[in-house]
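Participant: See query-v5.txt below, with compact mmCIF, C-alpha atoms.
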```txt
# COMPACT_ATOMS: atom_id res chain seq x y z
CA MET A 25 -4.34 -28.05 -148.26
CA LEU A 26 -2.04 -29.59 -150.85
CA GLY A 27 0.34 -30.53 -148.09
CA THR A 28 -2.44 -32.41 -146.32
CA LYS A 29 -3.46 -34.19 -149.54
CA LEU A 30 0.16 -35.09 -150.28
CA LYS A 31 0.52 -36.48 -146.79
CA LYS A 32 -2.66 -38.50 -147.24
CA TYR A 33 -1.63 -39.99 -150.57
CA ALA A 34 1.96 -40.52 -149.63
CA GLU A 35 1.01 -42.35 -146.46
CA ILE A 36 -0.63 -45.07 -148.55
CA ASP A 37 2.70 -46.48 -149.70
CA LEU A 38 5.05 -44.64 -147.34
CA ASP A 39 5.96 -47.78 -145.41
CA ALA A 40 7.01 -49.43 -148.66
CA VAL A 41 9.00 -46.36 -149.65
CA PHE A 42 10.91 -46.34 -146.37
CA GLU A 43 11.41 -50.11 -146.55
CA LYS A 44 13.15 -49.58 -149.89
CA PHE A 45 15.19 -46.82 -148.29
CA TYR A 46 16.12 -49.19 -145.46
CA LYS A 47 17.29 -51.91 -147.85
CA SER A 48 19.36 -49.40 -149.81
CA MET A 49 21.05 -48.27 -146.60
CA LEU A 50 22.05 -51.83 -145.69
CA SER A 51 23.16 -52.87 -149.17
CA ASN A 52 25.36 -49.80 -149.75
CA ALA A 53 28.67 -49.97 -147.86
CA ASP A 54 29.06 -46.19 -148.02
CA PHE A 55 25.70 -45.65 -146.29
CA SER A 56 25.82 -48.51 -143.81
CA ALA A 57 29.23 -47.35 -142.55
CA PHE A 58 27.50 -44.47 -140.75
CA PHE A 59 25.36 -46.79 -138.60
CA THR A 60 26.20 -49.32 -135.89
CA GLY A 61 23.55 -51.82 -136.91
CA GLU A 62 20.05 -52.64 -138.09
CA ASP A 63 18.35 -51.33 -134.94
CA GLN A 64 19.89 -47.90 -135.39
CA ILE A 65 18.78 -47.75 -139.02
CA ARG A 66 15.24 -48.83 -138.07
CA SER A 67 15.15 -46.11 -135.41
CA LEU A 68 16.42 -43.55 -137.90
CA ILE A 69 13.78 -44.49 -140.46
CA SER A 70 11.00 -44.19 -137.90
CA ARG A 71 12.17 -40.72 -136.89
CA GLN A 72 12.76 -39.62 -140.47
CA LYS A 73 9.28 -40.80 -141.53
CA LYS A 74 7.69 -38.75 -138.74
CA PHE A 75 9.94 -35.76 -139.51
CA LEU A 76 9.03 -35.85 -143.22
CA LEU A 77 5.29 -36.17 -142.65
CA GLU A 78 5.32 -33.25 -140.19
CA SER A 79 7.30 -31.13 -142.64
CA VAL A 80 4.81 -31.55 -145.50
CA GLU A 81 2.25 -29.34 -143.73
CA LEU A 82 4.69 -26.62 -142.60
CA SER A 83 5.13 -23.18 -144.14
CA ASP A 84 8.12 -22.42 -146.36
CA GLU A 85 9.77 -20.46 -143.54
CA GLU A 86 9.25 -23.32 -141.07
CA ILE A 87 10.66 -25.82 -143.57
CA LYS A 88 13.67 -23.54 -144.04
CA ARG A 89 14.42 -23.41 -140.30
CA ARG A 90 13.84 -27.13 -139.84
CA TYR A 91 16.06 -28.33 -142.69
CA ILE A 92 18.86 -25.83 -142.13
CA ALA A 93 19.06 -27.23 -138.59
CA LEU A 94 18.97 -30.76 -140.02
CA GLY A 95 21.87 -29.96 -142.37
CA GLU A 96 23.88 -28.49 -139.50
CA MET A 97 23.25 -31.59 -137.40
CA HIS A 98 24.30 -33.96 -140.21
CA TYR A 99 27.49 -31.96 -140.75
CA GLU A 100 28.34 -32.18 -137.06
CA ILE A 101 27.94 -35.96 -137.02
CA LYS A 102 30.13 -36.08 -140.15
CA ILE A 103 27.65 -37.50 -142.66
CA PRO A 104 28.78 -36.27 -146.11
CA TYR A 105 26.23 -34.06 -147.84
CA ILE A 106 26.36 -36.13 -151.01
CA ASP A 107 25.50 -39.32 -149.09
CA TYR A 108 22.64 -37.65 -147.23
CA MET A 109 21.20 -36.35 -150.51
CA ALA A 110 21.53 -39.76 -152.18
CA GLY A 111 19.34 -41.15 -149.41
CA MET A 112 16.82 -38.33 -149.82
CA LEU A 113 16.66 -39.03 -153.55
CA ILE A 114 15.52 -42.60 -152.81
CA LEU A 115 12.69 -41.23 -150.64
CA GLU A 116 11.70 -38.58 -153.18
CA ARG A 117 11.47 -41.08 -156.02
CA GLY A 118 9.43 -43.49 -153.93
CA ILE A 119 6.94 -40.83 -152.78
CA ILE A 120 6.52 -39.37 -156.27
CA HIS A 121 5.94 -42.86 -157.64
CA SER A 122 3.23 -43.34 -155.02
CA ILE A 123 1.59 -40.04 -155.97
CA THR A 124 1.41 -40.90 -159.69
CA THR A 125 -1.05 -43.71 -158.95
CA HIS A 126 -3.77 -41.14 -158.09
CA SER A 127 -6.01 -39.28 -160.49
CA ASP A 128 -5.13 -35.73 -159.36
CA PHE A 129 -1.38 -36.47 -159.27
CA LYS A 130 -0.36 -33.55 -161.55
CA GLU A 131 -1.13 -30.87 -158.97
CA LEU A 132 0.49 -32.93 -156.24
CA LEU A 133 3.59 -33.54 -158.36
CA ASP A 134 4.23 -29.81 -158.64
CA PHE A 135 3.89 -29.45 -154.89
CA SER A 136 6.16 -32.46 -154.29
CA PHE A 137 8.89 -31.19 -156.57
CA HIS A 138 8.81 -27.83 -154.80
CA PHE A 139 8.83 -29.50 -151.38
CA PHE A 140 11.86 -31.69 -152.09
CA GLN A 141 13.64 -28.82 -153.80
CA GLN A 142 13.29 -26.87 -150.55
CA ILE A 143 14.60 -29.83 -148.52
CA ARG A 144 17.70 -30.09 -150.70
CA ALA A 145 18.37 -26.36 -150.72
CA PHE A 146 17.92 -25.72 -146.99
CA THR A 147 19.81 -28.85 -145.93
CA ALA A 148 22.66 -27.63 -148.15
CA LYS A 149 22.43 -24.26 -146.38
CA GLY A 150 22.80 -26.04 -143.03
CA TYR A 151 25.94 -27.81 -144.22
CA LEU A 152 27.24 -24.50 -145.60
CA ASN A 153 26.63 -22.71 -142.28
CA LYS A 154 28.74 -25.23 -140.38
CA MET A 155 31.49 -25.24 -143.00
CA LEU A 156 31.72 -21.46 -142.77
CA ASP A 157 31.91 -21.56 -138.97
CA ASP A 158 34.71 -24.14 -139.06
CA ASP A 159 36.67 -22.37 -141.80
CA ILE A 160 36.43 -18.96 -140.12
CA SER A 161 37.63 -20.54 -136.87
CA ASP A 162 40.58 -22.09 -138.73
CA ILE A 163 41.45 -18.71 -140.24
CA ASP A 164 41.41 -17.05 -136.82
CA HIS A 165 43.77 -19.74 -135.56
CA TYR A 166 46.10 -19.17 -138.53
CA LEU A 167 46.08 -15.40 -138.06
CA SER A 168 46.91 -15.75 -134.37
CA HIS A 169 50.14 -17.51 -135.37
CA VAL A 170 51.17 -15.61 -138.49
CA GLN A 171 51.52 -12.37 -136.54
CA ARG A 172 54.85 -13.71 -135.27
CA ALA A 173 56.29 -13.93 -138.79
CA THR A 174 58.51 -11.32 -140.37
CA GLU A 175 57.08 -8.16 -141.88
CA ILE A 176 57.05 -9.21 -145.53
CA ASP A 177 55.48 -12.59 -144.74
CA THR A 178 52.88 -10.98 -142.49
CA LEU A 179 51.93 -8.50 -145.20
CA LEU A 180 51.49 -11.07 -147.93
CA ALA A 181 49.96 -13.89 -145.88
CA THR A 182 47.74 -11.84 -143.61
CA GLU A 183 46.27 -9.67 -146.37
CA ARG A 184 45.19 -12.72 -148.34
CA VAL A 185 43.76 -14.61 -145.37
CA ILE A 186 41.92 -11.60 -143.96
CA TRP A 187 40.45 -11.11 -147.44
CA LEU A 188 39.23 -14.71 -147.35
CA LYS A 189 37.76 -14.34 -143.86
CA ASN A 190 35.79 -11.26 -144.93
CA VAL A 191 34.47 -13.10 -148.00
CA LEU A 192 33.33 -15.99 -145.80
CA PHE A 193 31.53 -13.59 -143.48
CA ALA A 194 29.74 -12.04 -146.46
CA ILE A 195 28.68 -15.52 -147.61
CA LYS A 196 27.42 -16.36 -144.13
CA VAL A 197 25.22 -13.25 -143.97
CA GLU A 198 24.34 -13.64 -147.68
CA ASN A 199 25.35 -10.08 -148.51
CA ARG A 200 27.77 -9.39 -151.37
CA GLY A 201 28.01 -5.82 -150.15
CA ALA A 202 29.67 -7.03 -146.94
CA ALA A 203 32.47 -8.64 -148.94
CA PRO A 204 35.74 -6.85 -149.70
CA ALA A 205 36.72 -6.20 -153.31
CA LEU A 206 36.94 -9.59 -154.99
CA HIS A 207 40.34 -8.80 -156.43
CA MET A 208 43.75 -8.17 -154.92
CA SER A 209 44.59 -4.71 -153.73
CA GLU A 210 46.98 -2.70 -155.88
CA ASP A 211 49.50 -2.60 -153.01
CA ILE A 212 49.70 -6.37 -152.91
CA ILE A 213 49.94 -6.58 -156.71
CA LYS A 214 52.88 -4.19 -156.56
CA SER A 215 54.52 -6.21 -153.77
CA ILE A 216 54.17 -9.38 -155.83
CA SER A 217 55.48 -7.68 -158.98
CA HIS A 218 58.50 -6.40 -157.08
CA ALA A 219 59.23 -9.78 -155.51
CA THR A 220 58.87 -11.68 -158.80
CA LYS A 221 60.32 -9.15 -161.24
CA ALA A 222 63.27 -11.41 -161.97
CA ASP A 223 60.93 -14.18 -163.11
CA PRO A 224 58.07 -13.09 -165.45
CA ALA A 225 56.62 -16.63 -165.49
CA LEU A 226 56.35 -16.54 -161.70
CA GLU A 227 54.65 -13.15 -161.77
CA ASN A 228 52.10 -14.46 -164.31
CA TYR A 229 51.50 -17.47 -162.10
CA THR A 230 50.67 -15.35 -159.04
CA ARG A 231 48.32 -13.19 -161.11
CA GLU A 232 46.58 -16.33 -162.37
CA ILE A 233 46.02 -17.52 -158.79
CA SER A 234 44.57 -14.12 -157.89
CA SER A 235 42.25 -14.28 -160.89
CA ARG A 236 40.99 -17.73 -159.87
CA MET A 237 40.28 -16.46 -156.36
CA GLU A 238 38.13 -13.66 -157.73
CA MET A 239 36.26 -15.91 -160.16
CA ASN A 240 35.42 -18.49 -157.47
CA ALA A 241 34.10 -15.81 -155.11
CA ARG A 242 31.95 -14.21 -157.82
CA ASN A 243 30.38 -17.57 -158.71
CA VAL A 244 29.43 -18.25 -155.10
CA PHE A 245 27.73 -14.86 -154.70
CA PHE A 246 25.89 -15.24 -158.02
CA PHE A 247 24.10 -18.41 -156.87
CA LEU A 248 23.83 -17.26 -153.26
CA GLU A 249 21.76 -14.26 -154.36
CA LYS A 250 19.41 -16.63 -156.19
CA GLY A 251 19.00 -18.75 -153.04
CA SER A 252 20.37 -21.75 -154.96
CA TYR A 253 22.10 -23.35 -151.99
CA GLU A 254 22.51 -26.67 -153.78
CA GLU A 255 24.67 -24.90 -156.34
CA VAL A 256 26.39 -22.80 -153.68
CA LEU A 257 27.62 -25.77 -151.65
CA PRO A 258 29.87 -27.35 -154.33
CA LEU A 259 30.96 -23.88 -155.44
CA TYR A 260 31.88 -23.07 -151.87
CA ARG A 261 34.00 -26.20 -151.73
CA GLU A 262 35.73 -24.94 -154.85
CA LEU A 263 36.10 -21.51 -153.30
CA MET A 264 37.81 -23.07 -150.31
CA SER A 265 40.58 -24.17 -152.62
CA ILE A 266 41.54 -20.55 -151.91
CA TYR A 267 43.04 -21.96 -148.71
CA LYS A 268 45.45 -23.81 -150.94
CA LEU A 269 45.74 -20.97 -153.42
CA THR A 270 46.39 -18.47 -150.64
CA LEU A 271 49.12 -20.60 -149.14
CA MET A 272 50.53 -21.29 -152.60
CA LEU A 273 50.51 -17.62 -153.45
CA THR A 274 52.16 -16.67 -150.17
CA SER A 275 54.75 -19.41 -150.60
CA VAL A 276 55.46 -18.37 -154.18
CA VAL A 277 55.94 -14.74 -153.28
CA THR A 278 57.96 -15.56 -150.16
CA PHE A 279 60.13 -17.89 -152.21
CA ALA A 280 60.55 -15.22 -154.89
CA SER A 281 61.43 -12.55 -152.36
CA THR A 282 63.87 -14.93 -150.69
CA SER A 283 65.44 -15.72 -154.06
CA ALA A 284 65.76 -12.02 -154.82
CA LEU A 285 67.36 -11.51 -151.41
CA MET A 286 69.77 -14.37 -152.06
CA HIS A 287 70.89 -12.79 -155.32
CA GLU A 288 71.58 -9.55 -153.50
CA LEU A 289 73.59 -11.19 -150.74
CA SER A 290 77.31 -11.67 -151.22
CA LYS A 291 78.63 -15.20 -151.58
CA ASP A 292 82.09 -16.47 -150.86
CA SER A 293 83.99 -16.23 -154.15
CA LEU A 294 85.89 -19.49 -153.61
CA THR A 295 83.19 -21.85 -152.29
CA SER A 296 79.97 -20.13 -153.51
CA LEU A 297 78.61 -20.55 -149.97
CA LEU A 298 76.95 -17.65 -148.18
CA THR A 299 79.34 -15.46 -146.25
CA ARG A 300 79.32 -14.91 -142.49
CA GLN A 301 78.07 -11.34 -143.16
CA THR A 302 74.74 -12.77 -144.39
CA TYR A 303 74.35 -15.00 -141.36
CA ASP A 304 72.37 -12.73 -138.99
CA THR A 305 69.96 -11.52 -141.70
CA ILE A 306 68.96 -15.00 -142.79
CA MET A 307 68.95 -16.57 -139.33
CA SER A 308 66.62 -13.99 -137.79
CA ARG A 309 64.24 -14.34 -140.73
CA GLU A 310 64.17 -18.14 -140.70
CA ILE A 311 63.73 -18.35 -136.92
CA SER A 312 60.70 -16.05 -137.14
CA ILE A 313 59.13 -18.13 -139.90
CA ALA A 314 59.86 -21.42 -138.10
CA THR A 315 58.34 -20.03 -134.89
CA ALA A 316 55.18 -18.93 -136.73
CA GLY A 317 54.91 -22.19 -138.64
CA GLN A 318 55.84 -24.36 -135.62
CA TYR A 319 58.38 -26.42 -137.54
CA GLU A 320 61.90 -27.48 -136.62
CA LEU A 321 65.24 -26.04 -137.75
CA SER A 322 68.45 -28.03 -137.58
CA PHE A 323 71.99 -26.64 -137.52
CA ILE A 324 75.03 -28.58 -138.70
CA MET A 325 78.55 -27.32 -138.00
CA VAL A 326 81.20 -28.78 -140.31
CA ASP A 327 84.98 -28.56 -139.99
CA ILE A 328 87.54 -30.10 -142.36
CA ASP A 329 89.90 -32.24 -140.31
CA PHE A 330 93.62 -31.29 -140.27
CA PHE A 331 93.05 -28.64 -142.95
CA LYS A 332 96.07 -26.63 -141.77
CA ASN A 333 98.27 -29.60 -142.68
CA VAL A 334 97.00 -29.49 -146.27
CA ASN A 335 97.98 -25.83 -146.60
CA ASP A 336 101.31 -26.29 -144.85
CA GLU A 337 102.37 -29.44 -146.70
CA HIS A 338 100.89 -28.91 -150.17
CA GLY A 339 100.30 -25.17 -150.47
CA HIS A 340 97.30 -22.88 -150.59
CA ALA A 341 96.27 -24.03 -154.06
CA ALA A 342 95.73 -27.53 -152.66
CA GLY A 343 93.84 -26.02 -149.71
CA ASP A 344 91.61 -24.07 -152.08
CA GLU A 345 90.85 -27.24 -154.04
CA VAL A 346 89.82 -29.01 -150.84
CA LEU A 347 87.58 -26.13 -149.77
CA THR A 348 85.97 -25.96 -153.20
CA LYS A 349 85.24 -29.68 -153.47
CA VAL A 350 83.98 -30.04 -149.90
CA ALA A 351 81.71 -26.98 -150.32
CA LYS A 352 80.36 -28.40 -153.60
CA THR A 353 79.63 -31.71 -151.88
CA ILE A 354 77.76 -29.90 -149.09
CA LEU A 355 75.68 -27.80 -151.51
CA GLU A 356 74.69 -30.87 -153.51
CA SER A 357 73.62 -32.65 -150.32
CA ILE A 358 71.07 -30.08 -149.11
CA ARG A 359 67.79 -28.82 -150.54
CA ALA A 360 67.35 -25.57 -152.42
CA THR A 361 65.42 -24.21 -149.42
CA ASP A 362 68.30 -24.86 -146.98
CA TYR A 363 71.30 -22.61 -146.36
CA ALA A 364 75.07 -23.19 -146.28
CA PHE A 365 77.48 -20.58 -144.84
CA ARG A 366 81.25 -20.39 -144.85
CA MET A 367 81.87 -19.19 -141.33
CA GLY A 368 85.58 -18.72 -141.80
CA GLY A 369 88.56 -20.79 -142.95
CA GLU A 370 87.55 -24.46 -143.22
CA GLU A 371 84.42 -24.19 -141.01
CA PHE A 372 80.88 -24.29 -142.47
CA LEU A 373 77.39 -23.93 -141.00
CA LEU A 374 74.29 -25.52 -142.52
CA LEU A 375 70.67 -24.58 -141.75
CA LEU A 376 68.12 -27.30 -142.60
CA LYS A 377 64.48 -26.19 -142.54
CA GLY A 378 61.84 -28.53 -141.12
CA ALA A 379 64.44 -31.20 -140.30
CA SER A 380 64.30 -33.10 -137.02
CA LEU A 381 67.44 -33.99 -135.10
CA SER A 382 67.42 -37.56 -136.44
CA VAL A 383 66.92 -36.40 -140.04
CA ALA A 384 69.68 -33.80 -139.75
CA ALA A 385 72.07 -36.30 -138.15
CA ALA A 386 71.37 -38.80 -140.93
CA GLN A 387 72.00 -36.10 -143.53
CA ALA A 388 75.27 -35.14 -141.80
CA GLU A 389 76.38 -38.79 -141.90
CA ILE A 390 75.71 -38.91 -145.64
CA MET A 391 77.83 -35.79 -146.12
CA ARG A 392 80.59 -37.20 -143.92
CA LYS A 393 80.88 -40.28 -146.12
CA GLU A 394 80.80 -38.25 -149.32
CA VAL A 395 83.60 -35.98 -148.08
CA GLU A 396 85.60 -39.04 -147.04
CA ASN A 397 85.23 -40.46 -150.56
CA LEU A 398 86.45 -37.33 -152.35
CA GLN A 399 89.61 -37.92 -154.40
CA PHE A 400 92.53 -35.46 -154.55
CA GLU A 401 96.02 -35.49 -155.95
CA PHE A 402 98.68 -33.49 -154.11
CA ASP A 403 102.25 -33.35 -155.40
CA GLY A 404 101.50 -36.19 -157.76
CA ARG A 405 100.18 -38.49 -155.07
CA PRO A 406 96.53 -39.46 -154.35
CA ALA A 407 95.07 -37.98 -151.18
CA SER A 408 91.82 -37.67 -149.23
CA VAL A 409 90.35 -35.59 -146.44
CA THR A 410 87.72 -36.07 -143.75
CA ALA A 411 85.38 -33.74 -141.87
CA SER A 412 83.77 -33.62 -138.43
CA PHE A 413 80.12 -32.69 -137.82
CA GLY A 414 78.05 -31.31 -134.93
CA VAL A 415 74.23 -31.29 -135.05
CA ALA A 416 71.63 -29.36 -132.98
CA THR A 417 67.91 -28.77 -133.51
CA PHE A 418 65.68 -25.77 -132.79
CA SER A 419 62.15 -26.98 -131.90
CA GLN A 420 59.09 -26.19 -129.81
CA PRO A 421 58.71 -24.33 -127.49
CA PHE A 422 61.35 -22.26 -129.36
CA LYS A 423 62.78 -20.65 -126.23
CA MET A 424 66.46 -20.73 -127.20
CA LEU A 425 68.12 -18.03 -129.31
CA TYR A 426 69.52 -19.16 -132.64
CA SER A 427 72.97 -18.15 -131.40
CA ASP A 428 72.52 -20.67 -128.56
CA MET A 429 71.58 -23.38 -131.05
CA VAL A 430 74.62 -22.66 -133.23
CA GLU A 431 76.80 -22.68 -130.11
CA LEU A 432 75.35 -26.08 -129.21
CA ALA A 433 76.10 -27.39 -132.72
CA ASP A 434 79.62 -26.03 -132.33
CA LYS A 435 80.05 -27.91 -129.03
CA LYS A 436 78.85 -31.08 -130.75
CA LEU A 437 81.44 -30.46 -133.47
CA TYR A 438 84.24 -30.24 -130.93
CA LEU A 439 82.94 -33.41 -129.31
CA SER A 440 83.39 -35.12 -132.69
CA LYS A 441 86.97 -33.83 -132.83
CA GLU A 442 87.73 -34.96 -129.27
CA LYS A 443 86.41 -38.44 -130.05
CA GLY A 444 88.77 -38.84 -133.01
CA ARG A 445 87.31 -36.68 -135.86
CA ASN A 446 85.55 -37.89 -139.05
CA GLN A 447 82.27 -38.46 -137.23
CA VAL A 448 78.86 -36.95 -136.42
CA ASN A 449 77.66 -35.96 -132.94
```
Just give me the structure of the file as structure tokens.

Facilitator:
Amino acid sequence: MLGTKLKKYAEIDLDAVFEKFYKSMLSNADFSAFFTGEDQIRSLISRQKKFLLESVELSDEEIKRRYIALGEMHYEIKIPYIDYMAGMLILERGIIHSITTHSDFKELLDFSFHFFQQIRAFTAKGYLNKMLDDDISDIDHYLSHVQRATEIDTLLATERVIWLKNVLFAIKVENRGAAPALHMSEDIIKSISHATKADPALENYTREISSRMEMNARNVFFFLEKGSYEEVLPLYRELMSIYKLTLMLTSVVTFASTSALMHELSKDSLTSLLTRQTYDTIMSREISIATAGQYELSFIMVDIDFFKNVNDEHGHAAGDEVLTKVAKTILESIRATDYAFRMGGEEFLLLLKGASLSVAAAQAEIMRKEVENLQFEFDGRPASVTASFGVATFSQPFKMLYSDMVELADKKLYLSKEKGRNQVN
């Protein structure tokens, strides 16, 4: 009955209300960007007017179904929720203003406020439904790739992302009981503590991220249980920062575990580069991670030109000085996440993560020039050395073994030597 009366009173000035809505659409660049022209906006207004008038007389359950579907549709055509609701606010204000001109407006105002509250809430639920579907699909895609990573990375990454997927499912079915515990499992806490034990600040950081995950999830369920979808939608967006937090947490722990591993591995006492004995351990790990993450790895083989002559003519002390300075130059030229090995004698191998062939070749050229510019003094006379470089890149579809890639870099190195040394190939 009230719905019919509201429809009757609202219809008096409804054309004027929608005309104001139309003008707002055209004058606001953010709104008008979603439409191809005036005809489309006019068509939209006509349909929306009919849709709104039909909705006024529907039951709460029918309104719920109708506006959830409307929210899902607007999400699919990529209209931001905040822009849709700004437009609805223009309509609501116009209709309520129209109602206040009638003598029995108080009763109708209560009905109107309830009606528009339902529209906002259920449209928000429609947007939320589609967001959940997309995010769960993204998680499934991520999980299908992470299975190829090494054991420690799979444990830390997969546990966190599966936790997130289960939380999203519980949100979708609106059942807190279907969610996993909203805190990290003790096993994962222990894994993190072990990986970060050398850095208390890092351990505190990972615990803080875990705490923020739990708090965000609890807030979403609190408002979800009240049916306050308008509050749930922005909270869900905040919760989805867990994507970032999960990746950050996994990266932090992986970095910490890698750092701990690096401390345990032996380094060459003269050059401080990793020894050949560490080569297989690190290579197999990094290839697995690169394969899972679908990013490139570049290998650079380096050989000091005519190094035997330095030893023969000036002694081993001079040779050691050359090795030390060249190794220092190499270490200062790569990132902390890259690796440098002394493969034996005057030959070095570099592993650059996420570097394309062109990037790696450019980096090798920079190192070549820096080695060439190093200053030495042998037997009281100034001296210099040069180095030759060979570059190869491991990329999709990742069919070659890392040993094949290193062999290719080695062949490129010998090509540099054959072409006259002190160059990059």

Participant: Can you work out which one of A:Asp362, A:Asp39, A:Asp84, A:Glu255 has the shortest atom-to-atom distance to Leu152 (chain A), counting only C-alpha atoms?

Facilitator: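 When distances to Leu152 (chain A) are compared using only C-alpha atoms, the smallest one comes from A:Glu255.
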
Participant: What's the separation between CA of Lys332 (chain A) and CA of Lys291 (chain A), in Å to one decimal place?

Facilitator: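 Between CA of Lys332 (chain A) and CA of Lys291 (chain A) the gap is 23.0 Å.
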
Participant: Please write out, as AutoDock Vina command-line options, where the centre of an axis-aligned box around all listed atoms of region 290-307 of chain A lies and how long its edges are, in Å to one decimal, after adding 6 Å on each side.

Facilitator:
```
--center_x 77.4 --center_y -16.6 --center_z -146.6 --size_x 28.9 --size_y 22.5 --size_z 27.2
```

Participant: Give me the residues near region 415-431 of chain A as a list in words, where near means some atom within 6 Å (using all atoms listed in the file) and where sequence neighbours in that chain fewer than 4 positions away do not count.

Facilitator: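 Residues near the query, excluding close chain neighbours: Glu320, Leu321, Ser322, Phe323, Ile324 and Leu381 of chain A.
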
Participant: Between A:Ala360, A:Leu156, A:Ala351, A:Ala93, which residue has the minimum interatomic distance to Leu376 (chain A), considering all atoms listed in the file?

Facilitator: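 Result for the nearest residue to Leu376 (chain A): A:Ala360.
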
Participant: Calculated over all atoms listed in the file, which of the candidates A:Thr147, A:Ser308, A:Ser234, A:Ser440 has the smallest distance to Leu188 (chain A)?

Facilitator: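 Going through A:Thr147, A:Ser308, A:Ser234, A:Ser440 one by one, the smallest distance to Leu188 (chain A) is for A:Ser234.
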
Participant: Please provide the set of residues having any atom within 8 Å of Gly95 (chain A), restricted to all atoms listed in the file, with same-chain residues fewer than 4 positions apart removed, written as a PyMOL selection string.

Facilitator: chain A and resi 91+99+146-151

Participant: Separation of CA of Glu310 (chain A) and CA of Leu375 (chain A), in Å?

Facilitator: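 Computing the Euclidean distance for CA of Glu310 (chain A) and CA of Leu375 (chain A) yields 9.2 Å.
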
Participant: So how far away is CA of Asn190 (chain A) from CA of His98 (chain A), in Å?

Facilitator: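 Separation of CA of His98 (chain A) and CA of Asn190 (chain A): 25.9 Å.
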
Participant: Find the residue from A:Met325, A:Ile101, A:Ile120, A:Ile390 that sits nearest to Thr353 (chain A); use all atoms listed in the file when measuring.

Facilitator: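 Comparing A:Met325, A:Ile101, A:Ile120, A:Ile390 against Thr353 (chain A), the winner is A:Ile390.
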
Participant: Asn153 (chain A): which residues within 9 Å, counting all atoms listed in the file, same-chain residues fewer than 6 positions away excluded, as an mmCIF file with C-alpha atoms, in the frame of the given file?

Facilitator:
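In the end it all went to part-v1.cif:
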```
data_model
loop_
_atom_site.group_PDB
_atom_site.id
_atom_site.type_symbol
_atom_site.label_atom_id
_atom_site.label_comp_id
_atom_site.auth_asym_id
_atom_site.auth_seq_id
_atom_site.Cartn_x
_atom_site.Cartn_y
_atom_site.Cartn_z
ATOM 1 C CA ILE A 92 18.860 -25.830 -142.130
ATOM 2 C CA GLY A 95 21.870 -29.960 -142.370
ATOM 3 C CA GLU A 96 23.880 -28.490 -139.500
ATOM 4 C CA LYS A 196 27.420 -16.360 -144.130
#
```

Participant: Which is closer to Ala203 (chain A) than all the others in A:Val80, A:Leu298, A:Ala241, A:Val185, using all atoms listed in the file?

Facilitator: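 Checking each of A:Val80, A:Leu298, A:Ala241, A:Val185 against Ala203 (chain A), counting all atoms listed in the file, the winner is A:Ala241.
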
Participant: Any idea what's packed within 12 Å of Ser296 (chain A), counting only C-alpha atoms, ignoring anything in its chain fewer than 5 positions away? Could you give it as a PyMOL selection string?

Facilitator: chain A and resi 286-287+289-291+347-356+363-366+372

Participant: Might you pull out every residue within 6 Å of Ala411 (chain A), with all atoms listed in the file counted and same-chain residues fewer than 2 positions away left off, and present them as a PDB file with C-alpha atoms, in the frame of the given file?

Facilitator:
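For reference, around-v1.pdb as written:
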```pdb
ATOM      1  CA  ASP A 327      84.980 -28.560-139.990  1.00  0.00           C
ATOM      2  CA  ILE A 328      87.540 -30.100-142.360  1.00  0.00           C
ATOM      3  CA  ASP A 329      89.900 -32.240-140.310  1.00  0.00           C
ATOM      4  CA  ASN A 446      85.550 -37.890-139.050  1.00  0.00           C
TER       5      ASN A 446
END
```

Participant: Using all atoms listed in the file, can you tell me which of A:Phe42, A:Thr361, A:Ser83, A:Asp304 comes closest to Ser70 (chain A)?

Facilitator: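 Checking each candidate against Ser70 (chain A), we get A:Phe42 as the closest.
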
Participant: Extract region 359-366 of chain A from the coordinates I pasted, and write it as an mmCIF file, in the first residue's frame (atoms kept: N, CA and C atoms).

Facilitator:
```cif
data_model
loop_
_atom_site.group_PDB
_atom_site.id
_atom_site.type_symbol
_atom_site.label_atom_id
_atom_site.label_comp_id
_atom_site.auth_asym_id
_atom_site.auth_seq_id
_atom_site.Cartn_x
_atom_site.Cartn_y
_atom_site.Cartn_z
ATOM 1 N N ARG A 359 72.448 -6.771 -8.237
ATOM 2 C CA ARG A 359 71.519 -6.527 -7.135
ATOM 3 C C ARG A 359 71.723 -7.543 -6.020
ATOM 4 N N ALA A 360 71.165 -7.201 -4.846
ATOM 5 C CA ALA A 360 71.290 -8.106 -3.700
ATOM 6 C C ALA A 360 70.590 -9.439 -3.952
ATOM 7 N N THR A 361 69.614 -9.443 -4.860
ATOM 8 C CA THR A 361 68.858 -10.672 -5.142
ATOM 9 C C THR A 361 69.525 -11.547 -6.199
ATOM 10 N N ASP A 362 70.590 -11.049 -6.828
ATOM 11 C CA ASP A 362 71.317 -11.826 -7.842
ATOM 12 C C ASP A 362 72.437 -12.633 -7.178
ATOM 13 N N TYR A 363 73.069 -13.500 -7.954
ATOM 14 C CA TYR A 363 74.111 -14.378 -7.421
ATOM 15 C C TYR A 363 75.380 -14.275 -8.265
ATOM 16 N N ALA A 364 76.532 -14.369 -7.577
ATOM 17 C CA ALA A 364 77.828 -14.382 -8.267
ATOM 18 C C ALA A 364 78.650 -15.546 -7.718
ATOM 19 N N PHE A 365 79.123 -16.424 -8.612
ATOM 20 C CA PHE A 365 79.894 -17.611 -8.234
ATOM 21 C C PHE A 365 81.320 -17.498 -8.788
ATOM 22 N N ARG A 366 82.279 -17.982 -8.006
ATOM 23 C CA ARG A 366 83.612 -18.204 -8.568
ATOM 24 C C ARG A 366 83.656 -19.661 -8.982
#
```
